[in-house]
$ cat data19.cif   # mmCIF, C-alpha atoms
data_work
#
loop_
_atom_site.group_PDB
_atom_site.id
_atom_site.type_symbol
_atom_site.label_atom_id
_atom_site.label_comp_id
_atom_site.auth_asym_id
_atom_site.auth_seq_id
_atom_site.Cartn_x
_atom_site.Cartn_y
_atom_site.Cartn_z
ATOM 1 C CA GLU H 230 16.854 67.766 -2.422
ATOM 2 C CA LEU H 231 15.808 65.518 0.464
ATOM 3 C CA LYS H 232 18.112 67.293 2.953
ATOM 4 C CA MET H 233 19.742 63.998 3.924
ATOM 5 C CA LYS H 234 22.533 61.747 2.732
ATOM 6 C CA PHE H 235 21.581 59.480 -0.151
ATOM 7 C CA GLU H 236 23.137 56.381 1.436
ATOM 8 C CA ASP H 237 21.110 56.958 4.620
ATOM 9 C CA VAL H 238 17.845 56.650 2.687
ATOM 10 C CA PHE H 239 18.438 54.597 -0.475
ATOM 11 C CA GLU H 240 20.550 51.751 -1.740
ATOM 12 C CA LEU H 241 20.843 51.537 -5.519
ATOM 13 C CA ILE H 242 19.952 48.092 -6.837
ATOM 14 C CA GLU H 243 21.364 49.029 -10.244
ATOM 15 C CA THR H 244 23.942 51.796 -10.592
ATOM 16 C CA GLU H 245 22.828 52.816 -14.107
ATOM 17 C CA PRO H 246 19.397 54.342 -14.907
ATOM 18 C CA ILE H 247 16.882 51.687 -15.923
ATOM 19 C CA ALA H 248 14.772 54.106 -17.995
ATOM 20 C CA ALA H 249 14.581 57.634 -19.343
ATOM 21 C CA ALA H 250 11.632 59.688 -18.126
ATOM 22 C CA SER H 251 11.330 62.727 -20.387
ATOM 23 C CA ILE H 252 13.121 65.366 -18.319
ATOM 24 C CA GLY H 253 14.490 62.844 -15.825
ATOM 25 C CA GLN H 254 16.028 59.423 -15.349
ATOM 26 C CA VAL H 255 14.641 56.497 -13.362
ATOM 27 C CA TYR H 256 16.754 54.371 -11.010
ATOM 28 C CA LYS H 257 15.841 51.165 -9.214
ATOM 29 C CA ALA H 258 16.571 51.483 -5.503
ATOM 30 C CA ARG H 259 15.804 50.002 -2.107
ATOM 31 C CA LEU H 260 14.660 51.936 0.960
ATOM 32 C CA ILE H 261 17.093 51.532 3.836
ATOM 33 C CA SER H 262 14.275 51.941 6.383
ATOM 34 C CA ASN H 263 12.122 48.974 5.363
ATOM 35 C CA GLY H 264 13.777 47.264 2.368
ATOM 36 C CA GLU H 265 10.975 48.146 -0.059
ATOM 37 C CA THR H 266 11.950 48.487 -3.720
ATOM 38 C CA VAL H 267 11.196 51.872 -5.282
ATOM 39 C CA ALA H 268 11.499 53.695 -8.563
ATOM 40 C CA LEU H 269 13.540 56.840 -8.019
ATOM 41 C CA LYS H 270 12.951 59.509 -10.675
ATOM 42 C CA ILE H 271 15.554 62.266 -10.678
ATOM 43 C CA GLN H 272 15.269 65.379 -12.826
ATOM 44 C CA ARG H 273 18.123 66.161 -15.190
ATOM 45 C CA PRO H 274 20.309 69.144 -14.126
ATOM 46 C CA LYS H 275 19.416 72.620 -15.440
ATOM 47 C CA CYS H 276 16.264 71.376 -17.186
ATOM 48 C CA GLU H 277 14.302 74.470 -16.232
ATOM 49 C CA ASP H 278 16.910 76.840 -17.726
ATOM 50 C CA VAL H 279 16.931 74.998 -21.056
ATOM 51 C CA ILE H 280 13.131 74.822 -21.256
ATOM 52 C CA ALA H 281 12.741 78.498 -20.320
ATOM 53 C CA LEU H 282 15.043 79.541 -23.174
ATOM 54 C CA ASP H 283 13.259 77.263 -25.665
ATOM 55 C CA LEU H 284 9.855 78.652 -24.655
ATOM 56 C CA TYR H 285 11.133 82.218 -24.922
ATOM 57 C CA VAL H 286 12.288 81.586 -28.502
ATOM 58 C CA LEU H 287 9.066 79.789 -29.439
ATOM 59 C CA ARG H 288 6.937 82.553 -27.923
ATOM 60 C CA TRP H 289 8.872 85.249 -29.815
ATOM 61 C CA TRP H 290 8.424 83.496 -33.158
ATOM 62 C CA SER H 291 4.764 82.755 -32.435
ATOM 63 C CA GLY H 292 4.277 86.498 -31.964
ATOM 64 C CA VAL H 293 5.665 87.009 -35.480
ATOM 65 C CA ALA H 294 3.318 84.273 -36.747
ATOM 66 C CA ASN H 295 0.371 86.009 -35.026
ATOM 67 C CA PHE H 296 1.162 89.205 -36.928
ATOM 68 C CA ILE H 297 1.128 87.261 -40.216
ATOM 69 C CA THR H 298 -2.166 85.487 -39.427
ATOM 70 C CA GLU H 299 -3.770 88.843 -38.577
ATOM 71 C CA LEU H 300 -2.729 90.143 -42.003
ATOM 72 C CA LEU H 301 -4.457 87.085 -43.493
ATOM 73 C CA ASN H 302 -7.598 87.806 -41.428
ATOM 74 C CA ARG H 303 -7.259 84.551 -39.500
ATOM 75 C CA ASP H 304 -8.217 84.298 -35.833
ATOM 76 C CA ILE H 305 -5.355 81.989 -34.801
ATOM 77 C CA ASN H 306 -3.461 82.931 -31.652
ATOM 78 C CA LEU H 307 -0.301 80.826 -31.848
ATOM 79 C CA GLN H 308 1.166 82.613 -28.846
ATOM 80 C CA SER H 309 -1.664 81.353 -26.643
ATOM 81 C CA ILE H 310 -0.943 77.808 -27.880
ATOM 82 C CA ILE H 311 2.716 78.209 -26.849
ATOM 83 C CA ASP H 312 1.563 79.585 -23.478
ATOM 84 C CA ASP H 313 -0.648 76.516 -22.915
ATOM 85 C CA PHE H 314 2.216 74.249 -23.979
ATOM 86 C CA GLY H 315 4.588 76.081 -21.629
ATOM 87 C CA GLU H 316 2.169 75.698 -18.711
ATOM 88 C CA LEU H 317 1.972 71.967 -19.414
ATOM 89 C CA ILE H 318 5.770 71.622 -19.579
ATOM 90 C CA TYR H 319 6.290 73.589 -16.360
ATOM 91 C CA ARG H 320 3.786 71.337 -14.614
ATOM 92 C CA GLU H 321 5.912 68.366 -15.663
ATOM 93 C CA LEU H 322 8.959 70.063 -14.113
ATOM 94 C CA ASP H 323 7.343 69.896 -10.666
ATOM 95 C CA TYR H 324 7.511 66.347 -9.322
ATOM 96 C CA GLU H 325 5.523 67.348 -6.237
ATOM 97 C CA ALA H 326 2.646 68.254 -8.564
ATOM 98 C CA GLU H 327 3.066 64.899 -10.313
ATOM 99 C CA ALA H 328 2.928 63.141 -6.944
ATOM 100 C CA ALA H 329 -0.324 64.975 -6.133
ATOM 101 C CA ASN H 330 -1.699 63.954 -9.548
ATOM 102 C CA ALA H 331 -0.805 60.312 -8.881
ATOM 103 C CA GLN H 332 -2.496 60.353 -5.485
ATOM 104 C CA ARG H 333 -5.659 61.923 -6.892
ATOM 105 C CA PHE H 334 -5.651 59.457 -9.794
ATOM 106 C CA SER H 335 -5.338 56.607 -7.275
ATOM 107 C CA GLU H 336 -8.265 57.921 -5.233
ATOM 108 C CA LEU H 337 -10.481 58.089 -8.335
ATOM 109 C CA TYR H 338 -9.450 55.012 -10.299
ATOM 110 C CA ALA H 339 -7.492 52.511 -8.181
ATOM 111 C CA SER H 340 -10.811 50.793 -7.371
ATOM 112 C CA VAL H 341 -11.567 50.269 -11.070
ATOM 113 C CA PRO H 342 -11.365 46.521 -11.814
ATOM 114 C CA ASP H 343 -8.059 45.462 -13.386
ATOM 115 C CA VAL H 344 -6.373 48.863 -12.818
ATOM 116 C CA PHE H 345 -3.342 49.399 -10.558
ATOM 117 C CA VAL H 346 -1.802 52.710 -9.447
ATOM 118 C CA PRO H 347 1.628 52.657 -7.716
ATOM 119 C CA LYS H 348 2.081 54.126 -4.251
ATOM 120 C CA ILE H 349 3.824 57.510 -3.951
ATOM 121 C CA TYR H 350 6.277 58.174 -1.099
ATOM 122 C CA SER H 351 5.412 61.828 -0.472
ATOM 123 C CA GLU H 352 7.948 62.243 2.330
ATOM 124 C CA MET H 353 10.695 61.321 -0.140
ATOM 125 C CA THR H 354 9.457 63.485 -3.010
ATOM 126 C CA THR H 355 10.469 67.031 -3.897
ATOM 127 C CA GLN H 356 10.135 69.218 -6.986
ATOM 128 C CA LYS H 357 13.083 67.382 -8.568
ATOM 129 C CA VAL H 358 12.957 63.917 -6.989
ATOM 130 C CA LEU H 359 10.006 61.505 -7.132
ATOM 131 C CA THR H 360 9.914 58.259 -5.160
ATOM 132 C CA MET H 361 7.330 55.708 -6.272
ATOM 133 C CA GLU H 362 6.589 52.059 -5.586
ATOM 134 C CA TRP H 363 8.526 49.784 -7.930
ATOM 135 C CA VAL H 364 6.287 47.780 -10.259
ATOM 136 C CA ASP H 365 7.412 44.651 -12.076
ATOM 137 C CA GLY H 366 5.500 44.348 -15.305
ATOM 138 C CA THR H 367 5.493 43.879 -19.061
ATOM 139 C CA ARG H 368 5.021 46.471 -21.790
ATOM 140 C CA LEU H 369 1.704 46.131 -23.604
ATOM 141 C CA THR H 370 3.582 46.003 -26.902
ATOM 142 C CA ASP H 371 5.638 42.955 -25.811
ATOM 143 C CA SER H 372 3.149 40.415 -27.173
ATOM 144 C CA ASN H 373 5.472 37.416 -26.892
ATOM 145 C CA THR H 374 6.146 37.914 -23.180
ATOM 146 C CA LEU H 375 2.465 38.622 -22.459
ATOM 147 C CA LYS H 376 1.518 35.404 -24.210
ATOM 148 C CA ALA H 377 4.226 33.447 -22.381
ATOM 149 C CA ILE H 378 2.919 34.524 -18.959
ATOM 150 C CA GLY H 379 -0.708 33.934 -19.943
ATOM 151 C CA LEU H 380 -1.949 37.534 -20.239
ATOM 152 C CA ASP H 381 -4.529 38.610 -22.813
ATOM 153 C CA ASN H 382 -3.333 41.770 -24.577
ATOM 154 C CA GLU H 383 -6.819 42.418 -25.999
ATOM 155 C CA LYS H 384 -8.284 42.432 -22.487
ATOM 156 C CA LEU H 385 -5.561 44.862 -21.389
ATOM 157 C CA ILE H 386 -6.409 47.193 -24.284
ATOM 158 C CA ASP H 387 -10.118 46.992 -23.423
ATOM 159 C CA THR H 388 -9.280 47.893 -19.806
ATOM 160 C CA LEU H 389 -7.151 50.830 -21.012
ATOM 161 C CA VAL H 390 -9.860 52.205 -23.319
ATOM 162 C CA GLN H 391 -12.707 51.719 -20.829
ATOM 163 C CA CYS H 392 -10.726 53.313 -17.982
ATOM 164 C CA SER H 393 -9.645 56.246 -20.175
ATOM 165 C CA LEU H 394 -13.206 56.930 -21.322
ATOM 166 C CA ARG H 395 -14.357 56.745 -17.712
ATOM 167 C CA GLN H 396 -11.683 59.277 -16.737
ATOM 168 C CA ILE H 397 -12.718 61.701 -19.475
ATOM 169 C CA LEU H 398 -16.494 61.336 -19.283
ATOM 170 C CA GLU H 399 -17.251 60.589 -15.622
ATOM 171 C CA ASN H 400 -14.765 62.497 -13.469
ATOM 172 C CA GLY H 401 -13.022 64.719 -16.010
ATOM 173 C CA PHE H 402 -9.589 64.184 -14.440
ATOM 174 C CA PHE H 403 -7.669 62.134 -16.971
ATOM 175 C CA HIS H 404 -4.234 60.851 -17.956
ATOM 176 C CA ALA H 405 -3.462 62.848 -21.099
ATOM 177 C CA ASP H 406 -0.473 60.763 -22.212
ATOM 178 C CA PRO H 407 -1.377 57.038 -21.965
ATOM 179 C CA HIS H 408 1.272 55.838 -24.438
ATOM 180 C CA ALA H 409 2.864 52.388 -24.225
ATOM 181 C CA GLY H 410 5.855 53.665 -22.232
ATOM 182 C CA ASN H 411 3.545 54.864 -19.446
ATOM 183 C CA LEU H 412 1.716 51.547 -19.064
ATOM 184 C CA LEU H 413 2.614 48.115 -17.699
ATOM 185 C CA ALA H 414 0.813 44.792 -17.532
ATOM 186 C CA CYS H 415 1.172 43.339 -14.034
ATOM 187 C CA ALA H 416 1.650 39.586 -13.569
ATOM 188 C CA ASP H 417 -1.890 39.313 -12.111
ATOM 189 C CA GLY H 418 -3.400 40.855 -15.259
ATOM 190 C CA ARG H 419 -3.969 44.369 -13.931
ATOM 191 C CA LEU H 420 -3.081 47.420 -16.016
ATOM 192 C CA CYS H 421 -0.608 49.722 -14.265
ATOM 193 C CA TYR H 422 -0.451 53.453 -15.047
ATOM 194 C CA LEU H 423 2.899 55.241 -14.745
ATOM 195 C CA ASP H 424 4.054 58.884 -15.037
ATOM 196 C CA PHE H 425 1.402 61.377 -13.962
ATOM 197 C CA GLY H 426 3.117 64.533 -15.184
ATOM 198 C CA MET H 427 0.697 65.172 -18.057
ATOM 199 C CA MET H 428 -2.836 65.231 -16.677
ATOM 200 C CA SER H 429 -5.823 67.322 -17.724
ATOM 201 C CA TYR H 430 -9.318 68.185 -16.509
ATOM 202 C CA ALA H 431 -12.627 68.722 -18.290
ATOM 203 C CA ALA H 432 -15.455 70.433 -16.384
ATOM 204 C CA PRO H 433 -18.951 68.810 -16.420
ATOM 205 C CA GLU H 434 -20.311 71.158 -19.109
ATOM 206 C CA GLN H 435 -17.254 70.474 -21.260
ATOM 207 C CA ARG H 436 -17.667 66.700 -20.874
ATOM 208 C CA ASN H 437 -21.356 66.958 -21.765
ATOM 209 C CA GLY H 438 -20.473 69.079 -24.791
ATOM 210 C CA PHE H 439 -17.924 66.532 -25.956
ATOM 211 C CA LEU H 440 -20.494 63.717 -25.659
ATOM 212 C CA LEU H 441 -23.113 65.745 -27.517
ATOM 213 C CA ALA H 442 -20.616 66.467 -30.283
ATOM 214 C CA VAL H 443 -20.029 62.719 -30.744
ATOM 215 C CA VAL H 444 -23.808 62.088 -30.816
ATOM 216 C CA HIS H 445 -24.343 64.790 -33.450
ATOM 217 C CA ILE H 446 -21.479 63.431 -35.585
ATOM 218 C CA VAL H 447 -23.045 59.952 -35.456
ATOM 219 C CA ASN H 448 -26.485 61.397 -36.309
ATOM 220 C CA ARG H 449 -24.968 63.728 -38.941
ATOM 221 C CA ASP H 450 -26.799 66.662 -37.380
ATOM 222 C CA TRP H 451 -24.345 69.382 -38.421
ATOM 223 C CA GLY H 452 -26.470 72.327 -37.287
ATOM 224 C CA GLU H 453 -26.607 70.987 -33.723
ATOM 225 C CA LEU H 454 -22.916 70.086 -33.830
ATOM 226 C CA VAL H 455 -22.000 73.666 -34.738
ATOM 227 C CA ARG H 456 -24.227 74.990 -31.939
ATOM 228 C CA VAL H 457 -22.428 72.733 -29.444
ATOM 229 C CA TYR H 458 -19.113 74.101 -30.697
ATOM 230 C CA GLN H 459 -20.421 77.636 -30.195
ATOM 231 C CA ARG H 460 -21.562 76.884 -26.624
ATOM 232 C CA LEU H 461 -18.135 75.430 -25.864
ATOM 233 C CA GLY H 462 -16.514 78.618 -27.175
ATOM 234 C CA PHE H 463 -14.894 76.974 -30.210
ATOM 235 C CA ILE H 464 -16.623 79.321 -32.688
ATOM 236 C CA PRO H 465 -17.029 83.067 -31.990
ATOM 237 C CA GLU H 466 -20.568 84.432 -31.719
ATOM 238 C CA GLY H 467 -21.783 86.118 -34.876
ATOM 239 C CA THR H 468 -19.841 83.788 -37.190
ATOM 240 C CA ASP H 469 -21.663 82.664 -40.338
ATOM 241 C CA VAL H 470 -21.850 78.936 -39.576
ATOM 242 C CA THR H 471 -23.550 77.767 -42.801
ATOM 243 C CA PRO H 472 -20.227 77.135 -44.630
ATOM 244 C CA ILE H 473 -18.963 75.247 -41.557
ATOM 245 C CA GLU H 474 -22.021 72.972 -41.572
ATOM 246 C CA VAL H 475 -21.499 72.228 -45.280
ATOM 247 C CA ALA H 476 -17.797 71.538 -44.749
ATOM 248 C CA LEU H 477 -18.533 69.155 -41.855
ATOM 249 C CA GLU H 478 -21.087 67.240 -43.915
ATOM 250 C CA LYS H 479 -18.646 66.806 -46.811
ATOM 251 C CA ALA H 480 -15.622 65.922 -44.703
ATOM 252 C CA LEU H 481 -16.841 63.521 -42.018
ATOM 253 C CA PRO H 482 -17.833 59.909 -42.723
ATOM 254 C CA ASP H 483 -21.289 58.473 -42.150
ATOM 255 C CA VAL H 484 -20.467 56.672 -38.894
ATOM 256 C CA LEU H 485 -23.433 54.311 -39.063
ATOM 257 C CA ASN H 486 -22.880 53.211 -42.657
ATOM 258 C CA ALA H 487 -19.186 53.855 -43.423
ATOM 259 C CA ASP H 488 -16.545 51.206 -43.939
ATOM 260 C CA ILE H 489 -14.530 50.454 -40.785
ATOM 261 C CA THR H 490 -11.343 51.808 -42.393
ATOM 262 C CA GLU H 491 -12.917 55.287 -42.565
ATOM 263 C CA LEU H 492 -13.576 55.373 -38.832
ATOM 264 C CA ASN H 493 -10.077 55.356 -37.427
ATOM 265 C CA PHE H 494 -9.664 58.246 -35.034
ATOM 266 C CA LYS H 495 -6.650 59.743 -36.795
ATOM 267 C CA ASN H 496 -8.630 59.978 -40.034
ATOM 268 C CA VAL H 497 -11.633 61.667 -38.404
ATOM 269 C CA VAL H 498 -9.490 64.114 -36.410
ATOM 270 C CA GLY H 499 -7.471 64.958 -39.516
ATOM 271 C CA LYS H 500 -10.635 65.938 -41.370
ATOM 272 C CA LEU H 501 -11.924 67.926 -38.394
ATOM 273 C CA GLY H 502 -8.526 69.621 -38.142
ATOM 274 C CA ASP H 503 -8.693 70.759 -41.767
ATOM 275 C CA ILE H 504 -12.076 72.376 -41.108
ATOM 276 C CA MET H 505 -10.926 73.990 -37.870
ATOM 277 C CA TYR H 506 -7.915 75.437 -39.677
ATOM 278 C CA THR H 507 -10.028 76.794 -42.561
ATOM 279 C CA TYR H 508 -12.701 78.410 -40.386
ATOM 280 C CA PRO H 509 -12.402 80.612 -37.242
ATOM 281 C CA PHE H 510 -12.138 77.914 -34.569
ATOM 282 C CA SER H 511 -10.388 78.445 -31.235
ATOM 283 C CA LEU H 512 -9.726 75.204 -29.353
ATOM 284 C CA PRO H 513 -9.322 75.257 -25.539
ATOM 285 C CA PRO H 514 -6.615 73.171 -23.845
ATOM 286 C CA PHE H 515 -9.036 70.566 -22.439
ATOM 287 C CA TYR H 516 -10.286 69.669 -25.940
ATOM 288 C CA ILE H 517 -6.768 69.389 -27.340
ATOM 289 C CA ALA H 518 -5.835 67.148 -24.379
ATOM 290 C CA ILE H 519 -8.847 64.868 -25.009
ATOM 291 C CA ILE H 520 -8.037 64.609 -28.723
ATOM 292 C CA ARG H 521 -4.419 63.821 -27.882
ATOM 293 C CA CYS H 522 -5.442 61.217 -25.308
ATOM 294 C CA LEU H 523 -7.811 59.419 -27.717
ATOM 295 C CA GLY H 524 -5.234 59.586 -30.507
ATOM 296 C CA VAL H 525 -2.576 58.041 -28.255
ATOM 297 C CA LEU H 526 -5.041 55.336 -27.167
ATOM 298 C CA GLU H 527 -5.703 54.394 -30.764
ATOM 299 C CA GLY H 528 -1.964 54.305 -31.425
ATOM 300 C CA VAL H 529 -1.403 51.882 -28.533
ATOM 301 C CA ALA H 530 -4.348 49.750 -29.647
ATOM 302 C CA ILE H 531 -2.981 49.545 -33.187
ATOM 303 C CA GLN H 532 0.487 48.628 -31.865
ATOM 304 C CA VAL H 533 -1.000 45.799 -29.830
ATOM 305 C CA ARG H 534 -3.738 44.740 -32.240
ATOM 306 C CA THR H 535 -2.770 45.491 -35.837
ATOM 307 C CA GLU H 536 -6.281 46.088 -37.142
ATOM 308 C CA CYS H 537 -7.761 47.815 -34.130
ATOM 309 C CA PHE H 538 -9.298 51.273 -34.459
ATOM 310 C CA LEU H 539 -10.768 53.416 -31.718
ATOM 311 C CA GLN H 540 -14.176 54.066 -33.249
ATOM 312 C CA LEU H 541 -16.527 56.935 -32.493
ATOM 313 C CA ASP H 542 -19.450 54.566 -31.890
ATOM 314 C CA PHE H 543 -17.269 52.673 -29.359
ATOM 315 C CA ALA H 544 -16.802 55.968 -27.480
ATOM 316 C CA LEU H 545 -20.564 56.094 -26.996
#
$ encode --input "data19.cif" --output "structure tokens"
Amino acid sequence: ELKMKFEDVFELIETEPIAAASIGQVYKARLISNGETVALKIQRPKCEDVIALDLYVLRWWSGVANFITELLNRDINLQSIIDDFGELIYRELDYEAEAANAQRFSELYASVPDVFVPKIYSEMTTQKVLTMEWVDGTRLTDSNTLKAIGLDNEKLIDTLVQCSLRQILENGFFHADPHAGNLLACADGRLCYLDFGMMSYAAPEQRNGFLLAVVHIVNRDWGELVRVYQRLGFIPEGTDVTPIEVALEKALPDVLNADITELNFKNVVGKLGDIMYTYPFSLPPFYIAIIRCLGVLEGVAIQVRTECFLQLDFAL
């Protein structure tokens, strides 16, 4: 891949992979040129062939499912969902694209207090090999080690949530997969992001729409919420929205007065999902990526702090 002999560029510090990385494996190595320690991510052989076959099968069966949903008078295009999923997977296959994502992420967020983004070695990166600065750190879920080295896991979670919301709402370019395996706590207390293969972008009007939707849910203004969904293209023009407004009012909790246990993000999204399945909603990729990101954030927060929930009013 690099058009040079491995031993002329790298020296393996450990001969076995130190981690799995989805479609690749990560090795700890040292650069011969300057002695710097790097993480060397190498894609598994024939990954693209296997994924292409899987997507072909999924797309064929989703076409059959589309035929069935049309018979049931449902506007659900499963094939387009598979296409979006396939685009996301193929982006992850290209490590040069991931390197570009990491560099852009660094430009936007490396200056955020308590956030660290590893350096990418572009000259030693190809579509199937990614060379990144090695980072020594602790998993956010390793509470005992964090406590032993004097790090506050609650502060780390606050940094993660605040930075993620800033990504989504301010710049629109955000890490769509911030699970515990893609995060490290550095010894100096900074939060380190890893793996930039799954990124997404929300345009300004989409970010504004998302914020307005949260405001209308808090205010229980279902008519305005439905109109925001229409402007975002979630609901086709000409749809009778009265039943949707009624369903939203019955399903979603009163954010200002509800018990805290009703406000966990998984619960709210589950209820919204039921409505969006029942009525003719069509969700664009950016919205699905935001929902996934917030859901993953809540999952990490709950892992680290047992009774923590990512609340809608916190998102405001």
$ residues_around --input "data19.cif" --residues "Gln459 in chain H" --least-positions-apart "6" --cutoff "10 Å" --atoms "all atoms listed in the file" --output "PyMOL selection string"
chain H and resi 453+465-468+470+510
$ atom_distance --input "data19.cif" --atom1 "CA of Ala409 in chain H" --atom2 "CA of Lys357 in chain H"
24.0 Å
$ closest_residue --input "data19.cif" --among "H:Leu375, H:Ala268, H:Val443, H:Ile280" --to "Leu423 in chain H" --atoms "all atoms listed in the file"
H:Ala268
$ residues_around --input "data19.cif" --residues "Glu243 in chain H" --least-positions-apart "2" --cutoff "7 Å" --atoms "only C-alpha atoms" --output "JSON, numbers by chain"
{"H": [241, 245, 257]}
$ closest_residue --input "data19.cif" --among "H:Ile473, H:Gln391, H:Ile520, H:Leu481" --to "Phe439 in chain H" --atoms "all atoms listed in the file"
H:Ile520
$ closest_residue --input "data19.cif" --among "H:Asp278, H:Glu265, H:Glu336, H:Asp313" --to "Thr360 in chain H" --atoms "all atoms listed in the file"
H:Glu265
$ axis_aligned_box --input "data19.cif" --around "range 309-319 of chain H" --padding-each-side "5 Å" --output "JSON"
{"center_x": 2.3, "center_y": 76.5, "center_z": -22.1, "size_x": 18.0, "size_y": 19.7, "size_z": 21.5}
$ residues_near_point --input "data19.cif" --point "(3.5, 57.0, -17.4)" --cutoff "9 Å" --atoms "all atoms listed in the file" --output "tab-separated table (two decimals) with C-alpha atoms, in the frame of the given file"
chain	number	residue	atom	x	y	z
H	250	ALA	CA	11.63	59.69	-18.13
H	404	HIS	CA	-4.23	60.85	-17.96
H	406	ASP	CA	-0.47	60.76	-22.21
H	407	PRO	CA	-1.38	57.04	-21.96
H	408	HIS	CA	1.27	55.84	-24.44
H	409	ALA	CA	2.86	52.39	-24.22
H	410	GLY	CA	5.86	53.66	-22.23
H	411	ASN	CA	3.54	54.86	-19.45
H	412	LEU	CA	1.72	51.55	-19.06
H	413	LEU	CA	2.61	48.12	-17.70
H	421	CYS	CA	-0.61	49.72	-14.26
H	422	TYR	CA	-0.45	53.45	-15.05
H	423	LEU	CA	2.90	55.24	-14.74
H	424	ASP	CA	4.05	58.88	-15.04
H	425	PHE	CA	1.40	61.38	-13.96
H	426	GLY	CA	3.12	64.53	-15.18
H	427	MET	CA	0.70	65.17	-18.06
$ atom_distance --input "data19.cif" --atom1 "CA of Gln308 in chain H" --atom2 "CA of Val293 in chain H"
9.1 Å
$ residues_near_point --input "data19.cif" --point "(8.4, 46.5, -3.6)" --cutoff "12 Å" --atoms "only C-alpha atoms" --output "mmCIF file with C-alpha atoms, in the frame of the given file"
data_model
loop_
_atom_site.group_PDB
_atom_site.id
_atom_site.type_symbol
_atom_site.label_atom_id
_atom_site.label_comp_id
_atom_site.auth_asym_id
_atom_site.auth_seq_id
_atom_site.Cartn_x
_atom_site.Cartn_y
_atom_site.Cartn_z
ATOM 1 C CA LYS H 257 15.841 51.165 -9.214
ATOM 2 C CA ALA H 258 16.571 51.483 -5.503
ATOM 3 C CA ARG H 259 15.804 50.002 -2.107
ATOM 4 C CA LEU H 260 14.660 51.936 0.960
ATOM 5 C CA ASN H 263 12.122 48.974 5.363
ATOM 6 C CA GLY H 264 13.777 47.264 2.368
ATOM 7 C CA GLU H 265 10.975 48.146 -0.059
ATOM 8 C CA THR H 266 11.950 48.487 -3.720
ATOM 9 C CA VAL H 267 11.196 51.872 -5.282
ATOM 10 C CA ALA H 268 11.499 53.695 -8.563
ATOM 11 C CA PRO H 347 1.628 52.657 -7.716
ATOM 12 C CA LYS H 348 2.081 54.126 -4.251
ATOM 13 C CA ILE H 349 3.824 57.510 -3.951
ATOM 14 C CA THR H 360 9.914 58.259 -5.160
ATOM 15 C CA MET H 361 7.330 55.708 -6.272
ATOM 16 C CA GLU H 362 6.589 52.059 -5.586
ATOM 17 C CA TRP H 363 8.526 49.784 -7.930
ATOM 18 C CA VAL H 364 6.287 47.780 -10.259
ATOM 19 C CA ASP H 365 7.412 44.651 -12.076
#
$ closest_residue --input "data19.cif" --among "H:Arg521, H:Phe235, H:Val447, H:Gln272" --to "Ser251 in chain H" --atoms "all atoms listed in the file"
H:Gln272
$ resolve_selection --input "data19.cif" --expression "the PyMOL selection byres ((chain H and resi 343) around 10)" --output "list in words"
Ala339, Ser340, Val341, Pro342, Val344, Phe345, Lys384, Leu385, Thr388, Leu389, Cys392, Ala414, Cys415, Asp417, Gly418, Arg419, Leu420 and Cys421 of chain H
$ closest_residue --input "data19.cif" --among "H:Thr298, H:Asn306, H:Thr244, H:Ser429" --to "Phe334 in chain H" --atoms "all atoms listed in the file"
H:Ser429
$ residues_around --input "data19.cif" --residues "Leu501 in chain H" --least-positions-apart "2" --cutoff "8 Å" --atoms "all atoms listed in the file" --output "ChimeraX atom specification"
/H:477,480-481,497-499,503-505
$ atom_distance --input "data19.cif" --atom1 "CA of Ile378 in chain H" --atom2 "CA of Val255 in chain H"
25.5 Å
$ resolve_selection --input "data19.cif" --expression "the PyMOL selection byres ((chain H and resi 517) around 12)" --output "NGL selection string"
:H and (310 or 313-314 or 405-406 or 429-431 or 439 or 463 or 498 or 502 or 511-516 or 518-524)
